[in-house]
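Structure file upload37.pdb (PDB, C-alpha atoms) is printed below.
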ATOM      1  CA  MET W   1     112.197  99.883  83.466  1.00  0.00           C
ATOM      2  CA  ASN W   2     108.466  99.355  83.006  1.00  0.00           C
ATOM      3  CA  LEU W   3     106.813 102.502  81.676  1.00  0.00           C
ATOM      4  CA  PHE W   4     103.373 100.895  81.655  1.00  0.00           C
ATOM      5  CA  LYS W   5     100.894 102.776  83.788  1.00  0.00           C
ATOM      6  CA  PRO W   6      97.639 101.103  84.745  1.00  0.00           C
ATOM      7  CA  LYS W   7      94.281 102.556  83.950  1.00  0.00           C
ATOM      8  CA  ILE W   8      93.067 104.213  87.141  1.00  0.00           C
ATOM      9  CA  THR W   9      89.486 103.230  87.826  1.00  0.00           C
ATOM     10  CA  TYR W  10      87.104 104.821  90.282  1.00  0.00           C
ATOM     11  CA  ASP W  11      83.616 104.585  91.651  1.00  0.00           C
ATOM     12  CA  LYS W  12      81.497 106.810  89.362  1.00  0.00           C
ATOM     13  CA  GLU W  13      79.296 107.737  92.313  1.00  0.00           C
ATOM     14  CA  LEU W  14      82.224 109.786  93.672  1.00  0.00           C
ATOM     15  CA  THR W  15      82.118 112.268  90.776  1.00  0.00           C
ATOM     16  CA  GLU W  16      79.627 114.646  92.396  1.00  0.00           C
ATOM     17  CA  LYS W  17      81.337 114.446  95.779  1.00  0.00           C
ATOM     18  CA  ALA W  18      84.702 115.246  94.170  1.00  0.00           C
ATOM     19  CA  LYS W  19      83.151 118.238  92.425  1.00  0.00           C
ATOM     20  CA  TYR W  20      81.694 119.410  95.746  1.00  0.00           C
ATOM     21  CA  LEU W  21      85.084 119.053  97.449  1.00  0.00           C
ATOM     22  CA  ARG W  22      86.815 121.021  94.664  1.00  0.00           C
ATOM     23  CA  ASN W  23      84.300 123.834  95.128  1.00  0.00           C
ATOM     24  CA  ASN W  24      84.665 123.765  98.934  1.00  0.00           C
ATOM     25  CA  SER W  25      88.404 123.393  99.407  1.00  0.00           C
ATOM     26  CA  THR W  26      90.189 123.969 102.688  1.00  0.00           C
ATOM     27  CA  LEU W  27      92.670 126.829 103.011  1.00  0.00           C
ATOM     28  CA  THR W  28      95.620 124.455 102.837  1.00  0.00           C
ATOM     29  CA  GLU W  29      94.239 122.747  99.731  1.00  0.00           C
ATOM     30  CA  VAL W  30      93.910 126.144  98.030  1.00  0.00           C
ATOM     31  CA  LEU W  31      97.436 127.146  99.064  1.00  0.00           C
ATOM     32  CA  LEU W  32      98.965 123.948  97.688  1.00  0.00           C
ATOM     33  CA  TRP W  33      96.762 123.962  94.582  1.00  0.00           C
ATOM     34  CA  ASN W  34      98.121 127.414  93.721  1.00  0.00           C
ATOM     35  CA  GLU W  35     101.589 125.808  93.643  1.00  0.00           C
ATOM     36  CA  LEU W  36     100.553 122.750  91.608  1.00  0.00           C
ATOM     37  CA  LYS W  37      98.055 123.976  89.028  1.00  0.00           C
ATOM     38  CA  ARG W  38      98.784 124.743  85.382  1.00  0.00           C
ATOM     39  CA  GLY W  39     101.988 122.727  85.320  1.00  0.00           C
ATOM     40  CA  ARG W  40     103.800 124.925  87.833  1.00  0.00           C
ATOM     41  CA  ARG W  41     105.821 121.926  89.048  1.00  0.00           C
ATOM     42  CA  ARG W  42     108.058 121.317  86.038  1.00  0.00           C
ATOM     43  CA  GLY W  43     105.142 121.023  83.647  1.00  0.00           C
ATOM     44  CA  TYR W  44     103.391 118.135  85.396  1.00  0.00           C
ATOM     45  CA  ASP W  45      99.607 118.151  85.356  1.00  0.00           C
ATOM     46  CA  PHE W  46      97.989 117.700  88.769  1.00  0.00           C
ATOM     47  CA  HIS W  47      94.301 117.181  89.470  1.00  0.00           C
ATOM     48  CA  ARG W  48      92.612 118.003  92.748  1.00  0.00           C
ATOM     49  CA  GLN W  49      89.992 115.947  94.549  1.00  0.00           C
ATOM     50  CA  LYS W  50      90.563 113.037  92.192  1.00  0.00           C
ATOM     51  CA  PRO W  51      88.574 109.819  92.614  1.00  0.00           C
ATOM     52  CA  ILE W  52      90.736 106.679  92.668  1.00  0.00           C
ATOM     53  CA  LEU W  53      89.127 103.287  93.307  1.00  0.00           C
ATOM     54  CA  HIS W  54      86.610 103.950  96.134  1.00  0.00           C
ATOM     55  CA  TRP W  55      88.206 107.106  97.523  1.00  0.00           C
ATOM     56  CA  ILE W  56      88.961 110.710  96.673  1.00  0.00           C
ATOM     57  CA  VAL W  57      92.548 111.915  97.045  1.00  0.00           C
ATOM     58  CA  ASP W  58      93.516 115.559  97.525  1.00  0.00           C
ATOM     59  CA  PHE W  59      95.871 115.790  94.517  1.00  0.00           C
ATOM     60  CA  PHE W  60      96.942 113.342  91.830  1.00  0.00           C
ATOM     61  CA  CYS W  61      99.426 113.428  88.955  1.00  0.00           C
ATOM     62  CA  TYR W  62      99.033 110.510  86.566  1.00  0.00           C
ATOM     63  CA  ASP W  63     102.352 111.065  84.778  1.00  0.00           C
ATOM     64  CA  LEU W  64     104.197 110.902  88.116  1.00  0.00           C
ATOM     65  CA  MET W  65     101.864 108.257  89.586  1.00  0.00           C
ATOM     66  CA  LEU W  66     101.812 110.504  92.651  1.00  0.00           C
ATOM     67  CA  VAL W  67      99.122 111.274  95.220  1.00  0.00           C
ATOM     68  CA  ILE W  68      99.566 114.225  97.559  1.00  0.00           C
ATOM     69  CA  GLU W  69      97.496 114.302 100.723  1.00  0.00           C
ATOM     70  CA  ILE W  70      97.131 117.042 103.326  1.00  0.00           C
ATOM     71  CA  ASP W  71      96.368 115.736 106.796  1.00  0.00           C
ATOM     72  CA  GLY W  72      94.725 117.957 109.386  1.00  0.00           C
ATOM     73  CA  ASN W  73      94.078 117.149 113.041  1.00  0.00           C
ATOM     74  CA  TYR W  74      91.158 114.893 112.075  1.00  0.00           C
ATOM     75  CA  HIS W  75      93.734 112.429 110.737  1.00  0.00           C
ATOM     76  CA  ASP W  76      95.250 112.082 114.230  1.00  0.00           C
ATOM     77  CA  ARG W  77      92.310 109.936 115.354  1.00  0.00           C
ATOM     78  CA  GLU W  78      93.213 106.237 115.572  1.00  0.00           C
ATOM     79  CA  ASP W  79      90.245 105.068 113.467  1.00  0.00           C
ATOM     80  CA  VAL W  80      91.002 107.637 110.782  1.00  0.00           C
ATOM     81  CA  ARG W  81      94.696 106.708 110.795  1.00  0.00           C
ATOM     82  CA  ARG W  82      93.779 103.040 110.252  1.00  0.00           C
ATOM     83  CA  ASN W  83      91.415 103.931 107.403  1.00  0.00           C
ATOM     84  CA  ASP W  84      94.044 106.207 105.838  1.00  0.00           C
ATOM     85  CA  GLN W  85      96.622 103.419 105.996  1.00  0.00           C
ATOM     86  CA  ASP W  86      94.271 100.866 104.412  1.00  0.00           C
ATOM     87  CA  ARG W  87      93.264 103.315 101.686  1.00  0.00           C
ATOM     88  CA  GLN W  88      96.900 104.225 100.992  1.00  0.00           C
ATOM     89  CA  GLU W  89      97.993 100.584 100.758  1.00  0.00           C
ATOM     90  CA  ARG W  90      95.218  99.752  98.313  1.00  0.00           C
ATOM     91  CA  ILE W  91      96.028 102.739  96.111  1.00  0.00           C
ATOM     92  CA  GLU W  92      99.783 102.081  96.317  1.00  0.00           C
ATOM     93  CA  ALA W  93      99.069  98.578  95.008  1.00  0.00           C
ATOM     94  CA  LEU W  94      98.332 100.321  91.686  1.00  0.00           C
ATOM     95  CA  GLY W  95     101.923 101.598  91.589  1.00  0.00           C
ATOM     96  CA  ILE W  96     101.037 105.028  92.964  1.00  0.00           C
ATOM     97  CA  THR W  97     103.266 106.803  95.502  1.00  0.00           C
ATOM     98  CA  PHE W  98     101.910 108.944  98.350  1.00  0.00           C
ATOM     99  CA  LEU W  99     103.367 112.136  99.760  1.00  0.00           C
ATOM    100  CA  ARG W 100     101.633 113.284 102.943  1.00  0.00           C
ATOM    101  CA  PHE W 101     101.922 116.718 104.495  1.00  0.00           C
ATOM    102  CA  ARG W 102     100.551 118.071 107.728  1.00  0.00           C
ATOM    103  CA  ASP W 103      98.102 120.930 107.447  1.00  0.00           C
ATOM    104  CA  GLU W 104     100.473 123.048 109.579  1.00  0.00           C
ATOM    105  CA  THR W 105     103.351 122.472 107.142  1.00  0.00           C
ATOM    106  CA  ILE W 106     101.323 123.846 104.245  1.00  0.00           C
ATOM    107  CA  LYS W 107     100.185 126.851 106.304  1.00  0.00           C
ATOM    108  CA  HIS W 108     103.535 127.734 107.842  1.00  0.00           C
ATOM    109  CA  ASP W 109     106.243 126.310 105.573  1.00  0.00           C
ATOM    110  CA  ILE W 110     104.767 125.537 102.179  1.00  0.00           C
ATOM    111  CA  GLN W 111     108.215 125.835 100.595  1.00  0.00           C
ATOM    112  CA  ALA W 112     109.318 122.742 102.551  1.00  0.00           C
ATOM    113  CA  ALA W 113     106.415 120.824 101.007  1.00  0.00           C
ATOM    114  CA  ILE W 114     107.246 122.158  97.547  1.00  0.00           C
ATOM    115  CA  ALA W 115     110.881 121.094  98.046  1.00  0.00           C
ATOM    116  CA  ASP W 116     109.725 117.555  98.939  1.00  0.00           C
ATOM    117  CA  ILE W 117     107.482 117.418  95.861  1.00  0.00           C
ATOM    118  CA  GLU W 118     110.289 118.618  93.605  1.00  0.00           C
ATOM    119  CA  GLU W 119     112.678 116.109  95.174  1.00  0.00           C
ATOM    120  CA  TYR W 120     110.182 113.378  94.320  1.00  0.00           C
ATOM    121  CA  ILE W 121     109.992 114.703  90.740  1.00  0.00           C
ATOM    122  CA  ASP W 122     113.818 114.734  90.488  1.00  0.00           C
ATOM    123  CA  GLU W 123     114.030 111.105  91.649  1.00  0.00           C
ATOM    124  CA  PHE W 124     111.170 110.082  89.352  1.00  0.00           C
ATOM    125  CA  GLU W 125     112.844 111.699  86.344  1.00  0.00           C
ATOM    126  CA  LYS W 126     116.162 109.996  87.142  1.00  0.00           C
ATOM    127  CA  THR W 127     114.457 106.611  86.902  1.00  0.00           C
ATOM    128  CA  ARG W 128     113.064 107.519  83.472  1.00  0.00           C
ATOM    129  CA  SER W 129     116.398 108.475  81.913  1.00  0.00           C
TER     130      SER W 129
END

Represent the supplied structure as structure tokens.
Amino acid sequence: MNLFKPKITYDKELTEKAKYLRNNSTLTEVLLWNELKRGRRRGYDFHRQKPILHWIVDFFCYDLMLVIEIDGNYHDREDVRRNDQDRQERIEALGITFLRFRDETIKHDIQAAIADIEEYIDEFEKTRS
């Protein structure tokens, strides 16, 4: 198994925008952040509003090579869906996995999202042992 993880580069001009987004989070981002911060998911360190390449992702864990995105109704638009898919493919080319959750899932059944995240962690840890 290859344990090499690439250096994740990003457009430095996104730094201020990421900071703005962290300070102006949506309700669902706050709800999920409360479940991810300070190593609450088995000690893994997540970052929110993390620049990767030319985009900002909602949450990122380098050790897991995992992006978590929350998609609201805006993401139902065809043009947005196409952009999301292109963005995801380019980031996945770095060896990063995406987990996507609907805004409604986080609001109404956050434990289902947490279970999916922990299932990903379980599978990831199995590949490391």

Axis-aligned box over every listed atom of region 95-99 of chain W, padded by 4 Å per side: centre and edges in Å to one decimal, as lines of an AutoDock Vina configuration file?
center_x = 102.2
center_y = 106.9
center_z = 95.7
size_x = 10.3
size_y = 18.5
size_z = 16.2

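Distances from W:Glu69, W:Lys19, W:Arg128, W:Glu118 to Gln88 (chain W) were compared using only C-alpha atoms, and the smallest one belongs to W:Glu69.
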
Closest contacts (region 38-74 of chain W/region 81-87 of chain W, max 12 Å, all atoms listed in the file) as a Markdown table:
| residue | atom | partner | partner_atom | distance |
| --- | --- | --- | --- | --- |
| W:Ile52 | CA | W:Arg87 | CA | 10.0 |
| W:Leu53 | CA | W:Arg87 | CA | 9.3 |
| W:His54 | CA | W:Arg87 | CA | 8.7 |
| W:Trp55 | CA | W:Arg87 | CA | 7.6 |
| W:Ile56 | CA | W:Arg87 | CA | 9.9 |
| W:Val57 | CA | W:Arg87 | CA | 9.8 |
| W:Val67 | CA | W:Arg87 | CA | 11.8 |
| W:Glu69 | CA | W:Asp84 | CA | 10.2 |
| W:Ile70 | CA | W:Asp84 | CA | 11.5 |
| W:Asp71 | CA | W:Asp84 | CA | 9.9 |
| W:Gly72 | CA | W:Arg81 | CA | 11.3 |
| W:Asn73 | CA | W:Arg81 | CA | 10.7 |
| W:Tyr74 | CA | W:Arg81 | CA | 9.0 |

Given the PyMOL selection byres ((chain W and resi 106) around 12), the residues it picks as a PyMOL selection string
chain W and resi 26-35+68-72+100-105+107-116

Which residues, named as in the file, does the PyMOL selection byres ((chain W and resi 14) around 8) pick out? Answer as a ChimeraX atom specification.
/W:10-13,15-18,51,54-56

Which region 56-101 of chain W residues have any atom within 7 Å of an atom of region 42-48 of chain W, and for each, what is the nearest pair of atoms with distance in Å to one decimal, counting only C-alpha atoms, rows sorted by chain and number, as JSON lines?
{"residue": "W:Asp58", "atom": "CA", "partner": "W:Arg48", "partner_atom": "CA", "distance": 5.4}
{"residue": "W:Phe59", "atom": "CA", "partner": "W:Arg48", "partner_atom": "CA", "distance": 4.3}
{"residue": "W:Phe60", "atom": "CA", "partner": "W:His47", "partner_atom": "CA", "distance": 5.2}
{"residue": "W:Cys61", "atom": "CA", "partner": "W:Phe46", "partner_atom": "CA", "distance": 4.5}

For a quick check of understanding, using all atoms listed in the file, which of W:Arg40, W:Asp79, W:Ile91, W:Asp63 has the smallest distance to Glu125 (chain W)?
W:Asp63

How many Å lie between CA of Lys7 (chain W) and CA of Asn23 (chain W), rounded to one decimal?
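Atom-to-atom, CA of Lys7 (chain W) and CA of Asn23 (chain W) are spaced 26.0 Å apart.
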
Need the neighbours of (93.6, 107.2, 83.9): which residues are at most 8 Å away, counting only C-alpha atoms, as an mmCIF file with C-alpha atoms, in the coordinates of the input?
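Full text of result-v8.cif as output:
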data_model
loop_
_atom_site.group_PDB
_atom_site.id
_atom_site.type_symbol
_atom_site.label_atom_id
_atom_site.label_comp_id
_atom_site.auth_asym_id
_atom_site.auth_seq_id
_atom_site.Cartn_x
_atom_site.Cartn_y
_atom_site.Cartn_z
ATOM 1 C CA PRO W 6 97.639 101.103 84.745
ATOM 2 C CA LYS W 7 94.281 102.556 83.950
ATOM 3 C CA ILE W 8 93.067 104.213 87.141
ATOM 4 C CA THR W 9 89.486 103.230 87.826
ATOM 5 C CA TYR W 62 99.033 110.510 86.566
#

Restricting the calculation to only C-alpha atoms, which member of W:Lys126, W:Lys37, W:Lys50, W:Val80 is positioned closest to Arg22 (chain W)?
W:Lys50

Report the distance between CA of Gly39 (chain W) and CA of Met65 (chain W) in Å, rounded to one decimal place.
15.1 Å

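Compared by their closest atoms to Ile117 (chain W), and using only C-alpha atoms, the residues W:Arg41, W:Gln49, W:Arg77, W:Leu94 rank with W:Arg41 nearest.
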
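Our summary of the geometry notes that CA of Ile121 (chain W) is positioned 29.1 Å from CA of Tyr20 (chain W).
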